[in-house]
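*Asks:* What follows is a structure written as structure tokens; I'll ask about it next.
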Amino acid sequence: MLDTSDQQTFSSHFILDKDEILSDYKLAVTSREVSLLGRKDVFMGRGKFGIFGDGKEVAQIALSKVFRKGDFRSGYYRDQTLVAALGDLTWQQFFAQLYAHADIEHDVFSAGRSMNAHYGNRWVDSEGHWLRQTEHFNHVMDVSSTAGQIPRSVGLAFASKLYRQNGELKNMDGFSRNGNEICFATVGDASTSQGMFLESVNAAGVLQIPIIFSIWDDGYGISVPLEYQTTKQSISKALSGFQRNEDEEGLEIIRVKGWDYVALIEAYQKAARLARDQHIPCLVHVDELTQPQGHSASGSHERYKSKDRLAWEAKHDCNQKLREWILNEKIASEDELLQIEEEAKEEAKKARNDAWNAIRTPIQKELNEAISILELALKSTGQKNAVLNLKKELKGKQNPLRKDAIHTVKKLLRILAQENNAAISEAQEFITRNTKKGETQYNTFLYSEFETSPLKVEPVAPKYSSKPTLLSGHQIINRYFDGLLKHDPRVFAIGEDVGNIGDVNQGFAGLQAKHGKLRVDDTGIRETTIIGQGIGAAMRGLRPIVEVQYFDYIYYCLATLTDDLASLRYRTYGQQLAPLIVRTRGHRLEGIWHSGSPMAVMLHSLRGLHILVPRNFVQAAGLYNTLLAGDDPALMIEPLNAYRLKEKLPDNLDKIRIPLGQPDIIREGNDITIVTYGSMCNIVLSAAIELERVGIHAEVIDVQTLLPFDVNQSILTSLKKTSRIIFADEDMPGGASAYMMQQVIEAHGGYQFLDAKPTTISAKAHRPPYGSEGDYFTKPNEDDVFDAAYKIMQEAFPNQFK
């Protein structure tokens, strides 16, 4: 029992006083209250969807006691108590996010972009420069996809290993204190069945990094119980082979009851010492948790839990158990706890009301303005009934939104279209102003909008001596990477076969021996966590280049790329970034699983990354430099069939900066424009030579980057000259060629200058078979380009081109 004379309780590892215990209890109760109120708000229509952290409060409070400034939470959408315990979430902010308040001063995490229970903190200042991470509790903005937060956790912890072991990083102030930082990765027990989780646990054990996986185990994954989820119905038992011992490295696996306050604190004290001091990865399996409101506001858990289970949950609720312990240990009286509970309820209610009033006040102002415009229209319109109906409809809406005001005013303009009504100009100004406001709130920060953006990097052209050295493409890029590693200690490269043999095409040949394993290293065959390792490290100020060996293999890690990396800046309203470079090789490969051209998938999945498609390796070096001078993530697709082609070595290889989104005219012509990229450039150039022999002068344009695409509309300038255009690539029909055509013909207005139907050249609508014959009949070749261009010219000049 607690000795009330000194108001302290002791264990072998920590001391707690009465004030701290009662503060913890109040936090747990308040967190539960906001969960209960939040669910009610969803049912009332105030929130669109709700997911809450009820049942996990005590475990998260225990975790918070070992969380230090500089540490990272890579979390789960039930971490509200942990974030609040660290002082990084107020309950008004909790409700502001539930109500999707599109104001960064209220929903400080995402400005209304992420659903509730997704928490992050600001990593950059108003100019886009890094803040000092060592002075904050760092929260990576959560993702909803189950286990989606786990791959990046590997990289967040791996960065601590680099900061501790790589002496060249000691001058990077504000990112680390000698690698003492832990990544706390939290996940629901059902999500441990995901491959992302299992791959990450394995990677953590191999790498020996300071990560603590916290498994919140409440016995269910939505409605599916443990016996369907996990071998032995226990993730800690299932992973017992990963347990370290005296002879073998591995993970420290700790199992603890989620309602046992003292045991939870002891468990996290143990895990934190191992992870922080010795970089031993840990897994804390917190079981016997409950989920009192079920999975989310979309359904009731009474539908799938038995009466016995519901009774067990009521008895083992962590807050109730903490209450019983406090009373049994005579830490506080029943009256004291009742007072705390009443204060918690009032605090939760006030936060809810304040958040609701904060979001409704500006909305009501716009609604009132819309009604005033309607009333002005009524003074002189000949269609009073129609306008009165609009007014009645708007005023009759329950919890109307900004969009209702804009929609109503737009409908008013349609009604007044044939009138000379004084309300028209006010309605137009209202729509323009509020549409622009909406664009700022919801359409910004897909990419960097700071001066640190790679789009604002000053270009530097290659310079050549009078007799430049000729090298193969792989030698060019190898020389480039050597210089990069020498001059930028933030850069490291990892991937399958990257280290010892220097990658399958020798881009890093000899560089591990020269720069060490911390800078150039191999990984296992684990694409998802290769990407995660890069994302997390990039979030901590490093500049990783991570390799997916061949372009087709990117499907293995696509979920992590699209759900996490591509949306990071957008979903945090520009507050977080991960300037990762994903390196792969593609184009002109042969075979069903090695086609090298899944470009359409990338274009539509990876908005938020730049997609670069160099045709040679001098160009690739210049694009790498531009990316490294900026702060956005990117996918670099090197041309596989150019590694052995000869190129001129520039004198300033390490200084070249090729601007993003600016196509390169690689052959001038007046008759027809052919737009392409990557390895297709050489094919199109060969076709252009053949076309010239029959009197057709093709202008060949290499777009260089697909995202961004032709920011200055230079292809349009060529089209104005030729009036005919072909878009060629080796993707499937409707893919990148169709994307390029849509950009030039529709978005840039190129349709106005066409004298012939715009044409796309692409591969067949299936993956290519293996072998050169299969390649010829399924992917575009020189003959296809020639025939397409000749046909267009024949239509215009049938007598000249038979």
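In the structure tokens, the first chain shown is A, the next is B, and so on; residue numbers restart at 1 for each chain, and ligands run from 1 in the order shown.
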Env of segment 526-528 of chain A: 8 Å cut, atoms = only C-alpha atoms, seq-sep filter 5 positions within chain, self excluded. Answer as a list in words.
*Replies:*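 Here the answer would be Pro151, Met196, Glu199, Val548, Tyr553, Ile554, Tyr556, Cys557, Leu558 and Thr560 of chain A.
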*Asks:* Just the selected residues (C-alpha atoms), exported as a compact mmCIF listing (two decimals), in the first residue's frame, please.
*Replies:*
# COMPACT_ATOMS: atom_id res chain seq x y z
CA PRO A 151 7.41 0.80 -42.42
CA MET A 196 4.02 -4.48 -43.46
CA GLU A 199 8.41 -7.26 -42.53
CA VAL A 548 13.83 -0.70 -55.82
CA TYR A 553 8.99 -4.44 -58.22
CA ILE A 554 7.63 -1.11 -57.06
CA TYR A 556 5.48 -4.41 -53.55
CA CYS A 557 5.85 -1.03 -51.83
CA LEU A 558 3.20 0.99 -53.64
CA THR A 560 3.64 2.83 -48.51
*Asks:* Just the residues within 9 Å of Val262 of chain A, please, counting only C-alpha atoms, with nothing from its chain fewer than 3 positions along; format it as a CSV table (one decimal) with C-alpha atoms, in the first residue's frame.
*Replies:*
chain,number,residue,atom,x,y,z
A,11,SER,CA,8.6,0.1,-7.4
A,62,ALA,CA,2.5,4.7,-19.1
A,265,ILE,CA,5.1,1.7,-16.3
A,266,GLU,CA,7.7,-0.9,-15.4
A,267,ALA,CA,7.3,-2.5,-18.8
*Asks:* Which residues are near Val504 of chain A? Cut-off 8 Å, only C-alpha atoms, ignore same chain within fewer than 6 positions. Put them as a PyMOL selection string.
*Replies:* chain A and resi 497-498+549
*Asks:* Produce a file of the selected residues containing N, CA and C atoms, as a compact mmCIF listing (two decimals), in the first residue's frame.
*Replies:*
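out.txt, freshly written:
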# COMPACT_ATOMS: atom_id res chain seq x y z
N ASP A 497 21.38 -5.58 -53.13
CA ASP A 497 22.61 -5.66 -53.93
C ASP A 497 23.32 -4.32 -54.12
N VAL A 498 22.91 -3.30 -53.40
CA VAL A 498 23.53 -1.98 -53.58
C VAL A 498 24.93 -1.94 -52.96
N GLN A 549 14.93 -2.49 -57.04
CA GLN A 549 15.89 -2.97 -58.03
C GLN A 549 15.41 -2.80 -59.47
*Asks:* Please, what distance in Å, to one decimal, runs between atom CA of Asp702 of chain A and atom CA of Asp482 of chain A?
*Replies:*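 That distance, rounded to one decimal, is 27.3 Å.
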*Asks:* Would you work out the distance separating atom CA of Thr562 of chain A from atom CA of His604 of chain A, expressed in Å to one decimal?
*Replies:*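 Separation of atom CA of Thr562 of chain A and atom CA of His604 of chain A: 9.4 Å.
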*Asks:* Could you tell me how far atom CA of Lys391 of chain A lies from atom CA of Gly45 of chain A, in Å and to one decimal?
*Replies:*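 That distance, rounded to one decimal, is 22.0 Å.
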*Asks:* Give me the segment 102-141 of chain A side of the contact with segment 533-545 of chain A, cut-off 12 Å, one line per residue showing its nearest atom pair and distance in Å at one decimal, counting only C-alpha atoms, sorted by chain and residue number, as a Markdown table.
*Replies:*
| residue | atom | partner | partner_atom | distance |
| --- | --- | --- | --- | --- |
| A:Arg122 | CA | A:Met539 | CA | 11.7 |
| A:Trp123 | CA | A:Met539 | CA | 8.9 |
| A:Val124 | CA | A:Met539 | CA | 11.0 |
| A:His129 | CA | A:Gly541 | CA | 10.4 |
| A:Trp130 | CA | A:Gly541 | CA | 7.8 |
| A:Leu131 | CA | A:Gly541 | CA | 10.1 |
| A:Arg132 | CA | A:Arg540 | CA | 10.1 |
| A:Gln133 | CA | A:Arg540 | CA | 7.9 |
| A:Thr134 | CA | A:Arg540 | CA | 10.2 |
| A:Asn138 | CA | A:Arg540 | CA | 10.2 |
| A:His139 | CA | A:Met539 | CA | 10.7 |
| A:Val140 | CA | A:Met539 | CA | 8.6 |
| A:Met141 | CA | A:Met539 | CA | 11.2 |
*Asks:* Find the spatial neighbours of His766 of chain A, counting only C-alpha atoms, within a cut-off of 12 Å - ignore same-chain residues fewer than 5 positions away - and output them as a list in words.
*Replies:*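 With the cut-off at 12 Å, the set is Gly591, Ile592, Trp593, Ser595, Ser597, Pro598, Glu730, Asp731, Met732, Pro733, Gly774, Asp775, Phe777, Thr778 and Lys779 of chain A.
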*Asks:* Counting only C-alpha atoms, what are the residues of segment 81-175 of chain A within 9 Å of segment 441-446 of chain A, and for each of them which pair of atoms is the nearest and at what distance in Å, to one decimal? Sort the table by chain and rising number, as CSV.
*Replies:*
residue,atom,partner,partner_atom,distance
A:Ala102,CA,A:Gln441,CA,6.3
A:Asp103,CA,A:Gln441,CA,7.6
A:Ala111,CA,A:Gln441,CA,7.4
A:Gly112,CA,A:Gln441,CA,8.3
A:Arg113,CA,A:Tyr442,CA,7.2
*Asks:* Please dump the current selection as a JSON list (two decimals), in the first residue's frame; keep C-alpha atoms.
*Replies:*
[["chain", "number", "residue", "atom", "x", "y", "z"],
["A", 102, "ALA", "CA", -10.20, 23.79, -42.15],
["A", 103, "ASP", "CA", -8.12, 26.28, -40.20],
["A", 111, "ALA", "CA", -6.36, 21.96, -41.20],
["A", 112, "GLY", "CA", -9.37, 19.76, -41.86],
["A", 113, "ARG", "CA", -7.65, 17.38, -44.28]]
*Asks:* Which residues in segment 7-132 of chain A does DSSP call alpha helix (DSSP H)? List them as a VMD selection string.
*Replies:* chain A and resid 18 to 44 57 to 64 80 to 85 91 to 98
*Asks:* Of the candidates A:Tyr76, A:Glu249, A:Asn328, A:Tyr119, which shows the shortest atom-to-atom distance to Phe184 of chain A, using only C-alpha atoms?
*Replies:*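 Under the stated criterion, the closest residue is A:Tyr76.
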*Asks:* If we count only C-alpha atoms and set the cut-off at 12 Å, which residues sit around Gly695 of chain A, ignoring sequence neighbours fewer than 6 positions away in its own chain? Please answer as a ChimeraX atom specification.
*Replies:* /A:669-672,688-689,789-790,793-794,797,800-801
*Asks:* Just the residues within 9 Å of Leu653 of chain A, please, counting only C-alpha atoms, with nothing from its chain fewer than 5 positions along; format it as a VMD selection string.
*Replies:* chain A and resid 462 to 463 476 479 to 480 483 618 621 to 622
*Asks:* For the residues selected in the previous step, produce a file with N, CA and C atoms as a compact mmCIF listing (two decimals), in the first residue's frame.
*Replies:*
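Generated file (out16.txt):
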# COMPACT_ATOMS: atom_id res chain seq x y z
N PRO A 462 25.52 21.51 -68.14
CA PRO A 462 26.82 20.81 -68.18
C PRO A 462 27.84 21.57 -69.01
N LYS A 463 29.09 21.51 -68.59
CA LYS A 463 30.19 22.14 -69.32
C LYS A 463 31.17 21.06 -69.76
N ILE A 476 29.43 6.97 -65.57
CA ILE A 476 29.05 8.36 -65.28
C ILE A 476 28.33 8.45 -63.94
N ARG A 479 30.57 7.70 -60.92
CA ARG A 479 31.43 8.84 -60.58
C ARG A 479 30.63 9.92 -59.88
N TYR A 480 29.39 10.11 -60.34
CA TYR A 480 28.53 11.11 -59.70
C TYR A 480 28.25 10.73 -58.24
N GLY A 483 31.20 11.31 -55.87
CA GLY A 483 31.36 12.71 -55.46
C GLY A 483 30.28 13.15 -54.49
N VAL A 618 24.13 11.64 -67.63
CA VAL A 618 24.46 13.04 -67.34
C VAL A 618 23.19 13.76 -66.93
N ALA A 621 22.23 12.68 -63.41
CA ALA A 621 23.02 13.36 -62.39
C ALA A 621 22.49 14.77 -62.13
N GLY A 622 22.16 15.49 -63.21
CA GLY A 622 21.63 16.83 -63.04
C GLY A 622 20.29 16.85 -62.33
*Asks:* So that I can check the surroundings of Gly596 of chain A, please list as a list in words every protein, DNA and RNA residue that reaches within 6 Å of it, counting only C-alpha atoms and ignoring chain neighbours fewer than 6 positions away.
*Replies:*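 Using only C-alpha atoms, the neighbours found are Phe551, Asp552, Gly586, His587 and Leu589 of chain A.
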*Asks:* Next, dump the selected residues to file, keeping only all heavy atoms, as a short mmCIF file (atom, residue, chain, number, x, y, z; two decimals), in the first residue's frame.
*Replies:*
data_model
loop_
_atom_site.label_atom_id
_atom_site.label_comp_id
_atom_site.auth_asym_id
_atom_site.auth_seq_id
_atom_site.Cartn_x
_atom_site.Cartn_y
_atom_site.Cartn_z
N PHE A 551 11.85 -1.52 -61.88
CA PHE A 551 10.66 -0.70 -61.77
C PHE A 551 9.42 -1.52 -61.45
O PHE A 551 8.56 -1.11 -60.66
CB PHE A 551 10.49 0.07 -63.10
CG PHE A 551 9.49 1.18 -63.05
CD1 PHE A 551 9.00 1.69 -61.85
CD2 PHE A 551 9.05 1.77 -64.23
CE1 PHE A 551 8.09 2.74 -61.83
CE2 PHE A 551 8.14 2.81 -64.22
CZ PHE A 551 7.66 3.29 -63.02
N ASP A 552 9.29 -2.72 -62.05
CA ASP A 552 8.09 -3.53 -61.81
C ASP A 552 7.94 -3.93 -60.35
O ASP A 552 6.83 -4.18 -59.88
CB ASP A 552 8.14 -4.79 -62.67
CG ASP A 552 8.21 -4.48 -64.15
OD1 ASP A 552 9.30 -4.06 -64.61
OD2 ASP A 552 7.20 -4.62 -64.84
N GLY A 586 14.16 1.23 -65.35
CA GLY A 586 13.09 0.69 -66.17
C GLY A 586 13.29 1.01 -67.63
O GLY A 586 14.38 1.40 -68.05
N HIS A 587 12.23 0.87 -68.41
CA HIS A 587 12.19 1.10 -69.86
C HIS A 587 12.87 -0.03 -70.62
O HIS A 587 13.98 -0.45 -70.28
CB HIS A 587 12.88 2.42 -70.28
CG HIS A 587 12.50 3.61 -69.46
ND1 HIS A 587 11.21 3.96 -69.20
CD2 HIS A 587 13.27 4.55 -68.86
CE1 HIS A 587 11.20 5.07 -68.47
NE2 HIS A 587 12.43 5.44 -68.24
N LEU A 589 12.63 -3.09 -70.87
CA LEU A 589 12.87 -4.42 -70.35
C LEU A 589 11.95 -5.40 -71.07
O LEU A 589 10.99 -4.99 -71.72
CB LEU A 589 12.62 -4.50 -68.85
CG LEU A 589 13.72 -3.96 -67.93
CD1 LEU A 589 13.74 -2.45 -67.97
CD2 LEU A 589 13.51 -4.43 -66.51
#
